Amino acid sequence: MTIRVLIVDDSPTMRALLVEALRPAADIQVVGTAVDAREARSMIKALNPDVVTLDIEMPGMSGLEFLEKLMTLRPTPVVIVSGLAESGSAMTVRALEIGAVECYAKPSGAAGNILVSDQGRLAEMIRNAAQAKVQAHDRARPAPSPRQSLGSAQTRLIAIGASTGGVEALHVLLSQFPADCPPTMVVQHINGAFAEAVARRLDSVCAPKVMIAEPDLPVRAGHVYIAPGTERHLEVRGSGSAGMYVRARPGPKVSGHRPSVDVLFHSVAENLGADAIGIQLTGMGNDGAHGLLAMAEAGAMTIAQDEATSVVFGMPGAAVALGAARVVAPIHRIAQVAFGGVALC
């Protein structure tokens, strides 16, 4: 099947470079290019593309405003094309929160560096986006209130894995966590240049403190630690009187990723056994499924996001297929399940 793509960017040079970067992909067809939101709206109606690439810094209606309207009125898989500057990273994270599926980082330096550094990354993101299930935003649905304390007093740590669609899912989930939640560690597959912006954005909307995980950092209640997206795996170590701490170690990719959700989950199973909760969120592939199974076999509560609310059911679906998830729940109910012990199957 040919994937039909519309490129939206106000720079004629960038539009040409993105078209050229996609030219080697035989399964992808660029059906049009648009210079701004107004032209993009008309072309989406006329061409009905499978995927849209969108620059978020455009004249007139910004990419963020356009994305919000698109996700409300005509949900379409979107790949954000963004610069790596701090302002660009913040807007990219907001776009992922609104519903964009992937973020493609423009390389620094001359625009032509895209053709040197791309190496098929944009095409792969478009293929992933084409498999995503995007839905109109339901802003009227109330979220359950966070509990003041965990339903099970023995829970000492929460581990979360996410990939495609994960920034939006983490926003929904973590905004329901109470300020005194158990230490929480998160592996979200994302370009490392955007990890800090993800942590800052989540920190601004969540009661617990959200921060980037640093090697040897002690983990404390009321804190959420995001994997930095570097070339290291994220693990938890320790469980006795000395307390738990972050371990970041180099190593080959596991389940296709570094950092890997499987590595985090296995470390939690090994060090905490039944005293933990594992949560597998939306994402492409199967990273985390075997680690979640190890947690379940160690006695931990294990939860997978359901298919209806997952942008991609790959990662949670793989966990469900293995029998690793004791509970399957929609994203807006997972915190209630974890903190209140509600069984939703």
# chains A, B, ... in the order shown; residues from 1 in each chain; ligands from 1

call {"tool": "closest_atom_pairs", "arguments": {"of": "range 179-270 of chain A", "to": "range 94-109 of chain A", "cutoff": "9 Å", "atoms": "only C-alpha atoms", "output": "Markdown table"}}
result
| residue | atom | partner | partner_atom | distance |
| --- | --- | --- | --- | --- |
| A:Ile190 | CA | A:Cys103 | CA | 8.1 |
| A:Asn191 | CA | A:Ala105 | CA | 7.7 |
| A:Ala193 | CA | A:Ala105 | CA | 8.2 |
| A:Phe194 | CA | A:Ala105 | CA | 8.9 |
| A:Val198 | CA | A:Arg94 | CA | 8.6 |
| A:Arg201 | CA | A:Arg94 | CA | 7.8 |

call {"tool": "residues_around", "arguments": {"residues": "Thr164 in chain A", "least_positions_apart": "6", "cutoff": "8 Å", "atoms": "only C-alpha atoms", "output": "ChimeraX atom specification"}}
result
/A:101-102,189,282-284,311-312

call {"tool": "select_by_dssp", "arguments": {"residues": "range 41-146 of chain A", "states": "strand (DSSP E or B)", "output": "list in words"}}
result
Val51, Val52, Thr53, Leu54, Asp55, Val78, Val79, Ile80, Val81, Ser82, Glu102, Cys103, Tyr104 and Ala105 of chain A

call {"tool": "write_last_selection", "arguments": {"atoms": "all heavy atoms", "output": "compact mmCIF listing (two decimals), in the first residue's frame"}}
result
# COMPACT_ATOMS: atom_id res chain seq x y z
N VAL A 51 -0.98 10.79 5.80
CA VAL A 51 -0.13 11.39 6.81
C VAL A 51 0.19 12.82 6.39
O VAL A 51 0.36 13.11 5.20
CB VAL A 51 1.19 10.60 6.99
CG1 VAL A 51 2.11 11.28 8.01
CG2 VAL A 51 0.92 9.16 7.40
N VAL A 52 0.28 13.72 7.38
CA VAL A 52 0.69 15.10 7.14
C VAL A 52 1.98 15.35 7.92
O VAL A 52 2.09 15.00 9.09
CB VAL A 52 -0.39 16.09 7.61
CG1 VAL A 52 0.12 17.54 7.53
CG2 VAL A 52 -1.66 15.93 6.79
N THR A 53 3.00 15.94 7.26
CA THR A 53 4.15 16.46 8.00
C THR A 53 3.91 17.95 8.21
O THR A 53 3.49 18.65 7.28
CB THR A 53 5.49 16.23 7.28
OG1 THR A 53 5.63 17.14 6.19
CG2 THR A 53 5.61 14.80 6.79
N LEU A 54 4.17 18.42 9.42
CA LEU A 54 3.76 19.78 9.77
C LEU A 54 4.87 20.53 10.50
O LEU A 54 5.38 20.07 11.53
CB LEU A 54 2.51 19.71 10.68
CG LEU A 54 1.93 21.02 11.18
CD1 LEU A 54 1.43 21.89 10.03
CD2 LEU A 54 0.80 20.75 12.17
N ASP A 55 5.23 21.69 9.95
CA ASP A 55 6.13 22.61 10.64
C ASP A 55 5.28 23.39 11.64
O ASP A 55 4.18 23.83 11.32
CB ASP A 55 6.76 23.57 9.62
CG ASP A 55 7.73 24.55 10.26
OD1 ASP A 55 8.17 24.30 11.39
OD2 ASP A 55 8.02 25.57 9.61
N VAL A 78 -0.16 12.93 12.10
CA VAL A 78 0.72 14.06 11.83
C VAL A 78 2.12 13.76 12.37
O VAL A 78 2.27 13.30 13.50
CB VAL A 78 0.17 15.35 12.48
CG1 VAL A 78 1.21 16.48 12.41
CG2 VAL A 78 -1.12 15.79 11.81
N VAL A 79 3.12 14.04 11.54
CA VAL A 79 4.52 14.02 11.96
C VAL A 79 4.99 15.46 12.04
O VAL A 79 4.97 16.18 11.04
CB VAL A 79 5.40 13.23 10.97
CG1 VAL A 79 6.88 13.34 11.37
CG2 VAL A 79 4.98 11.76 10.91
N ILE A 80 5.38 15.90 13.24
CA ILE A 80 5.87 17.25 13.42
C ILE A 80 7.32 17.34 12.94
O ILE A 80 8.14 16.48 13.27
CB ILE A 80 5.78 17.67 14.90
CG1 ILE A 80 4.32 17.79 15.33
CG2 ILE A 80 6.53 18.96 15.16
CD1 ILE A 80 3.55 18.89 14.62
N VAL A 81 7.63 18.37 12.16
CA VAL A 81 9.00 18.65 11.73
C VAL A 81 9.45 19.88 12.49
O VAL A 81 8.91 20.97 12.30
CB VAL A 81 9.07 18.86 10.21
CG1 VAL A 81 10.49 19.20 9.79
CG2 VAL A 81 8.58 17.62 9.48
N SER A 82 10.42 19.71 13.39
CA SER A 82 10.75 20.76 14.34
C SER A 82 12.24 21.00 14.45
O SER A 82 13.05 20.08 14.30
CB SER A 82 10.19 20.39 15.72
OG SER A 82 10.62 21.29 16.71
N GLU A 102 4.43 11.56 15.71
CA GLU A 102 5.89 11.47 15.75
C GLU A 102 6.47 12.87 15.67
O GLU A 102 5.80 13.83 15.25
CB GLU A 102 6.41 10.64 14.57
CG GLU A 102 6.00 9.17 14.58
CD GLU A 102 6.98 8.32 15.37
OE1 GLU A 102 7.84 8.88 16.06
OE2 GLU A 102 6.87 7.08 15.29
N CYS A 103 7.74 13.02 16.05
CA CYS A 103 8.43 14.30 15.89
C CYS A 103 9.76 14.06 15.17
O CYS A 103 10.56 13.23 15.59
CB CYS A 103 8.65 15.01 17.21
SG CYS A 103 9.56 14.06 18.45
N TYR A 104 9.96 14.78 14.08
CA TYR A 104 11.17 14.67 13.27
C TYR A 104 12.03 15.90 13.55
O TYR A 104 11.60 17.03 13.31
CB TYR A 104 10.80 14.59 11.79
CG TYR A 104 11.98 14.48 10.85
CD1 TYR A 104 12.61 13.26 10.65
CD2 TYR A 104 12.44 15.60 10.15
CE1 TYR A 104 13.69 13.16 9.76
CE2 TYR A 104 13.51 15.50 9.27
CZ TYR A 104 14.13 14.28 9.09
OH TYR A 104 15.19 14.18 8.23
N ALA A 105 13.21 15.68 14.08
CA ALA A 105 14.08 16.80 14.46
C ALA A 105 14.92 17.25 13.27
O ALA A 105 15.68 16.47 12.70
CB ALA A 105 14.98 16.38 15.61

call {"tool": "residues_around", "arguments": {"residues": "range 212-227 of chain A", "least_positions_apart": "3", "cutoff": "7 Å", "atoms": "only C-alpha atoms", "output": "PyMOL selection string"}}
result
chain A and resi 179-188+196+199+208-209+234+244-248

call {"tool": "write_last_selection", "arguments": {"atoms": "N, CA and C atoms", "output": "PDB file, in the first residue's frame"}}
result
ATOM      1  N   ALA A 179       0.257  14.102  44.610  1.00  0.00           N
ATOM      2  CA  ALA A 179       1.569  14.687  44.901  1.00  0.00           C
ATOM      3  C   ALA A 179       2.454  13.745  45.699  1.00  0.00           C
ATOM      4  N   ASP A 180       1.834  12.819  46.449  1.00  0.00           N
ATOM      5  CA  ASP A 180       2.625  11.898  47.279  1.00  0.00           C
ATOM      6  C   ASP A 180       2.737  10.511  46.656  1.00  0.00           C
ATOM      7  N   CYS A 181       2.693  10.452  45.330  1.00  0.00           N
ATOM      8  CA  CYS A 181       2.746   9.150  44.652  1.00  0.00           C
ATOM      9  C   CYS A 181       4.070   8.439  44.944  1.00  0.00           C
ATOM     10  N   PRO A 182       4.096   7.112  44.805  1.00  0.00           N
ATOM     11  CA  PRO A 182       5.373   6.400  44.939  1.00  0.00           C
ATOM     12  C   PRO A 182       6.357   6.874  43.869  1.00  0.00           C
ATOM     13  N   PRO A 183       7.655   6.699  44.074  1.00  0.00           N
ATOM     14  CA  PRO A 183       8.616   7.019  43.017  1.00  0.00           C
ATOM     15  C   PRO A 183       8.184   6.361  41.711  1.00  0.00           C
ATOM     16  N   THR A 184       8.283   7.107  40.625  1.00  0.00           N
ATOM     17  CA  THR A 184       7.809   6.618  39.326  1.00  0.00           C
ATOM     18  C   THR A 184       8.903   6.818  38.290  1.00  0.00           C
ATOM     19  N   MET A 185       9.207   5.753  37.530  1.00  0.00           N
ATOM     20  CA  MET A 185      10.238   5.826  36.500  1.00  0.00           C
ATOM     21  C   MET A 185       9.599   5.560  35.138  1.00  0.00           C
ATOM     22  N   VAL A 186       9.987   6.370  34.144  1.00  0.00           N
ATOM     23  CA  VAL A 186       9.343   6.330  32.826  1.00  0.00           C
ATOM     24  C   VAL A 186      10.380   6.191  31.726  1.00  0.00           C
ATOM     25  N   VAL A 187      10.172   5.226  30.846  1.00  0.00           N
ATOM     26  CA  VAL A 187      10.907   5.173  29.577  1.00  0.00           C
ATOM     27  C   VAL A 187       9.925   5.513  28.466  1.00  0.00           C
ATOM     28  N   GLN A 188      10.134   6.664  27.842  1.00  0.00           N
ATOM     29  CA  GLN A 188       9.351   7.108  26.690  1.00  0.00           C
ATOM     30  C   GLN A 188      10.294   7.167  25.501  1.00  0.00           C
ATOM     31  N   GLU A 196      14.099  16.565  27.678  1.00  0.00           N
ATOM     32  CA  GLU A 196      14.057  17.601  28.720  1.00  0.00           C
ATOM     33  C   GLU A 196      12.778  18.418  28.612  1.00  0.00           C
ATOM     34  N   ALA A 199       9.877  16.467  30.069  1.00  0.00           N
ATOM     35  CA  ALA A 199       9.877  16.512  31.535  1.00  0.00           C
ATOM     36  C   ALA A 199       9.362  17.860  32.035  1.00  0.00           C
ATOM     37  N   PRO A 208       3.016  15.656  41.182  1.00  0.00           N
ATOM     38  CA  PRO A 208       4.376  15.249  41.575  1.00  0.00           C
ATOM     39  C   PRO A 208       5.425  16.072  40.832  1.00  0.00           C
ATOM     40  N   LYS A 209       6.655  16.027  41.311  1.00  0.00           N
ATOM     41  CA  LYS A 209       7.779  16.654  40.623  1.00  0.00           C
ATOM     42  C   LYS A 209       8.233  15.744  39.499  1.00  0.00           C
ATOM     43  N   LEU A 234      17.819   2.727  31.312  1.00  0.00           N
ATOM     44  CA  LEU A 234      17.397   3.198  32.628  1.00  0.00           C
ATOM     45  C   LEU A 234      16.971   2.013  33.481  1.00  0.00           C
ATOM     46  N   MET A 244      16.381   3.136  47.084  1.00  0.00           N
ATOM     47  CA  MET A 244      16.489   2.890  45.648  1.00  0.00           C
ATOM     48  C   MET A 244      17.177   4.078  44.964  1.00  0.00           C
ATOM     49  N   TYR A 245      17.815   3.770  43.836  1.00  0.00           N
ATOM     50  CA  TYR A 245      18.476   4.828  43.088  1.00  0.00           C
ATOM     51  C   TYR A 245      18.442   4.499  41.600  1.00  0.00           C
ATOM     52  N   VAL A 246      18.676   5.526  40.791  1.00  0.00           N
ATOM     53  CA  VAL A 246      18.681   5.393  39.340  1.00  0.00           C
ATOM     54  C   VAL A 246      20.013   4.817  38.879  1.00  0.00           C
ATOM     55  N   ARG A 247      19.945   3.843  37.978  1.00  0.00           N
ATOM     56  CA  ARG A 247      21.154   3.369  37.301  1.00  0.00           C
ATOM     57  C   ARG A 247      20.970   3.597  35.814  1.00  0.00           C
ATOM     58  N   ALA A 248      21.943   4.237  35.192  1.00  0.00           N
ATOM     59  CA  ALA A 248      21.947   4.436  33.740  1.00  0.00           C
ATOM     60  C   ALA A 248      23.176   3.743  33.196  1.00  0.00           C
TER      61      ALA A 248
END

call {"tool": "residues_around", "arguments": {"residues": "Val268 in chain A", "least_positions_apart": "6", "cutoff": "9 Å", "atoms": "only C-alpha atoms", "output": "PyMOL selection string"}}
result
chain A and resi 157-159+235-237+276-278+291+294-295

call {"tool": "write_last_selection", "arguments": {"atoms": "C-alpha atoms", "output": "PDB file, in the first residue's frame"}}
result
ATOM      1  CA  LEU A 157       7.679   2.098  42.825  1.00  0.00           C
ATOM      2  CA  ILE A 158       5.725   2.565  39.588  1.00  0.00           C
ATOM      3  CA  ALA A 159       7.402   1.825  36.233  1.00  0.00           C
ATOM      4  CA  GLU A 235      17.186   0.848  35.630  1.00  0.00           C
ATOM      5  CA  VAL A 236      16.279   0.950  39.295  1.00  0.00           C
ATOM      6  CA  ARG A 237      18.710  -0.479  41.807  1.00  0.00           C
ATOM      7  CA  ALA A 276       5.749  -2.392  42.353  1.00  0.00           C
ATOM      8  CA  ILE A 277       3.294  -1.519  39.589  1.00  0.00           C
ATOM      9  CA  GLY A 278       4.132  -1.808  35.888  1.00  0.00           C
ATOM     10  CA  GLY A 291       9.673  -7.143  31.125  1.00  0.00           C
ATOM     11  CA  ALA A 294       8.645 -10.671  34.516  1.00  0.00           C
ATOM     12  CA  MET A 295       7.025  -8.114  36.808  1.00  0.00           C
TER      13      MET A 295
END

call {"tool": "closest_residue", "arguments": {"among": "A:His171, A:His290, A:Arg326, A:Arg249", "to": "Thr302 in chain A", "atoms": "only C-alpha atoms"}}
result
A:Arg326

call {"tool": "select_by_dssp", "arguments": {"residues": "range 302-342 of chain A", "states": "helix (DSSP H, G or I)", "output": "ChimeraX atom specification"}}
result
/A:314-322,331-340

call {"tool": "atom_distance", "arguments": {"atom1": "CA of Phe339 in chain A", "atom2": "CA of Gly273 in chain A"}}
result
18.1 Å

call {"tool": "closest_residue", "arguments": {"among": "A:Ser117, A:Val93, A:Ala34, A:Val254", "to": "Leu202 in chain A", "atoms": "only C-alpha atoms"}}
result
A:Val93

call {"tool": "closest_residue", "arguments": {"among": "A:Leu6, A:Ala324, A:Val30, A:Ile160", "to": "Leu264 in chain A", "atoms": "only C-alpha atoms"}}
result
A:Ile160

call {"tool": "decode", "arguments": {"residues": "range 196-219 of chain A", "atoms": "N, CA, C and O atoms", "output": "short mmCIF file (atom, residue, chain, number, x, y, z; two decimals), in the first residue's frame"}}
result
data_model
loop_
_atom_site.label_atom_id
_atom_site.label_comp_id
_atom_site.auth_asym_id
_atom_site.auth_seq_id
_atom_site.Cartn_x
_atom_site.Cartn_y
_atom_site.Cartn_z
N GLU A 196 14.10 16.57 27.68
CA GLU A 196 14.06 17.60 28.72
C GLU A 196 12.78 18.42 28.61
O GLU A 196 12.16 18.76 29.62
N ALA A 197 12.37 18.72 27.38
CA ALA A 197 11.13 19.50 27.19
C ALA A 197 9.91 18.69 27.62
O ALA A 197 8.95 19.25 28.16
N VAL A 198 9.93 17.37 27.39
CA VAL A 198 8.84 16.51 27.87
C VAL A 198 8.73 16.59 29.38
O VAL A 198 7.64 16.75 29.95
N ALA A 199 9.88 16.47 30.07
CA ALA A 199 9.88 16.51 31.53
C ALA A 199 9.36 17.86 32.04
O ALA A 199 8.56 17.92 32.98
N ARG A 200 9.81 18.96 31.41
CA ARG A 200 9.36 20.28 31.85
C ARG A 200 7.86 20.45 31.66
O ARG A 200 7.17 20.99 32.53
N ARG A 201 7.36 19.99 30.52
CA ARG A 201 5.93 20.15 30.25
C ARG A 201 5.11 19.32 31.24
O ARG A 201 4.12 19.81 31.80
N LEU A 202 5.49 18.08 31.47
CA LEU A 202 4.74 17.24 32.41
C LEU A 202 4.82 17.81 33.82
O LEU A 202 3.85 17.77 34.58
N ASP A 203 5.98 18.36 34.18
CA ASP A 203 6.12 18.95 35.51
C ASP A 203 5.16 20.12 35.70
O ASP A 203 4.68 20.37 36.81
N SER A 204 4.86 20.83 34.63
CA SER A 204 3.98 22.00 34.73
C SER A 204 2.52 21.64 34.91
O SER A 204 1.71 22.49 35.31
N VAL A 205 2.14 20.38 34.60
CA VAL A 205 0.72 20.00 34.67
C VAL A 205 0.46 18.90 35.69
O VAL A 205 -0.69 18.50 35.87
N CYS A 206 1.49 18.42 36.37
CA CYS A 206 1.33 17.29 37.29
C CYS A 206 1.62 17.71 38.73
O CYS A 206 2.47 18.58 38.98
N ALA A 207 0.95 17.06 39.68
CA ALA A 207 1.19 17.35 41.09
C ALA A 207 2.56 16.86 41.57
O ALA A 207 3.24 17.57 42.31
N PRO A 208 3.02 15.66 41.18
CA PRO A 208 4.38 15.25 41.57
C PRO A 208 5.43 16.07 40.83
O PRO A 208 5.14 16.72 39.82
N LYS A 209 6.65 16.03 41.31
CA LYS A 209 7.78 16.65 40.62
C LYS A 209 8.23 15.74 39.50
O LYS A 209 8.57 14.58 39.72
N VAL A 210 8.25 16.25 38.26
CA VAL A 210 8.69 15.47 37.11
C VAL A 210 10.05 15.99 36.66
O VAL A 210 10.23 17.19 36.47
N MET A 211 11.01 15.08 36.49
CA MET A 211 12.37 15.49 36.17
C MET A 211 13.08 14.42 35.35
O MET A 211 12.60 13.29 35.25
N ILE A 212 14.19 14.80 34.75
CA ILE A 212 15.01 13.85 34.01
C ILE A 212 15.78 12.98 35.00
O ILE A 212 16.33 13.47 35.99
N ALA A 213 15.82 11.68 34.75
CA ALA A 213 16.57 10.75 35.59
C ALA A 213 18.06 10.93 35.37
O ALA A 213 18.51 11.02 34.22
N GLU A 214 18.82 11.01 36.44
CA GLU A 214 20.27 11.15 36.36
C GLU A 214 20.93 9.98 37.07
O GLU A 214 20.40 9.46 38.07
N PRO A 215 22.08 9.50 36.57
CA PRO A 215 22.75 8.35 37.18
C PRO A 215 22.99 8.54 38.68
O PRO A 215 23.37 9.63 39.12
N ASP A 216 22.71 7.48 39.45
CA ASP A 216 22.95 7.43 40.89
C ASP A 216 22.04 8.36 41.69
O ASP A 216 22.25 8.56 42.89
N LEU A 217 21.01 8.92 41.05
CA LEU A 217 20.08 9.79 41.76
C LEU A 217 19.17 8.95 42.65
O LEU A 217 18.53 8.00 42.17
N PRO A 218 19.06 9.24 43.95
CA PRO A 218 18.12 8.51 44.80
C PRO A 218 16.69 8.79 44.33
O PRO A 218 16.37 9.92 43.96
N VAL A 219 15.84 7.77 44.33
CA VAL A 219 14.45 7.97 43.93
C VAL A 219 13.60 8.18 45.17
O VAL A 219 13.76 7.49 46.17
#
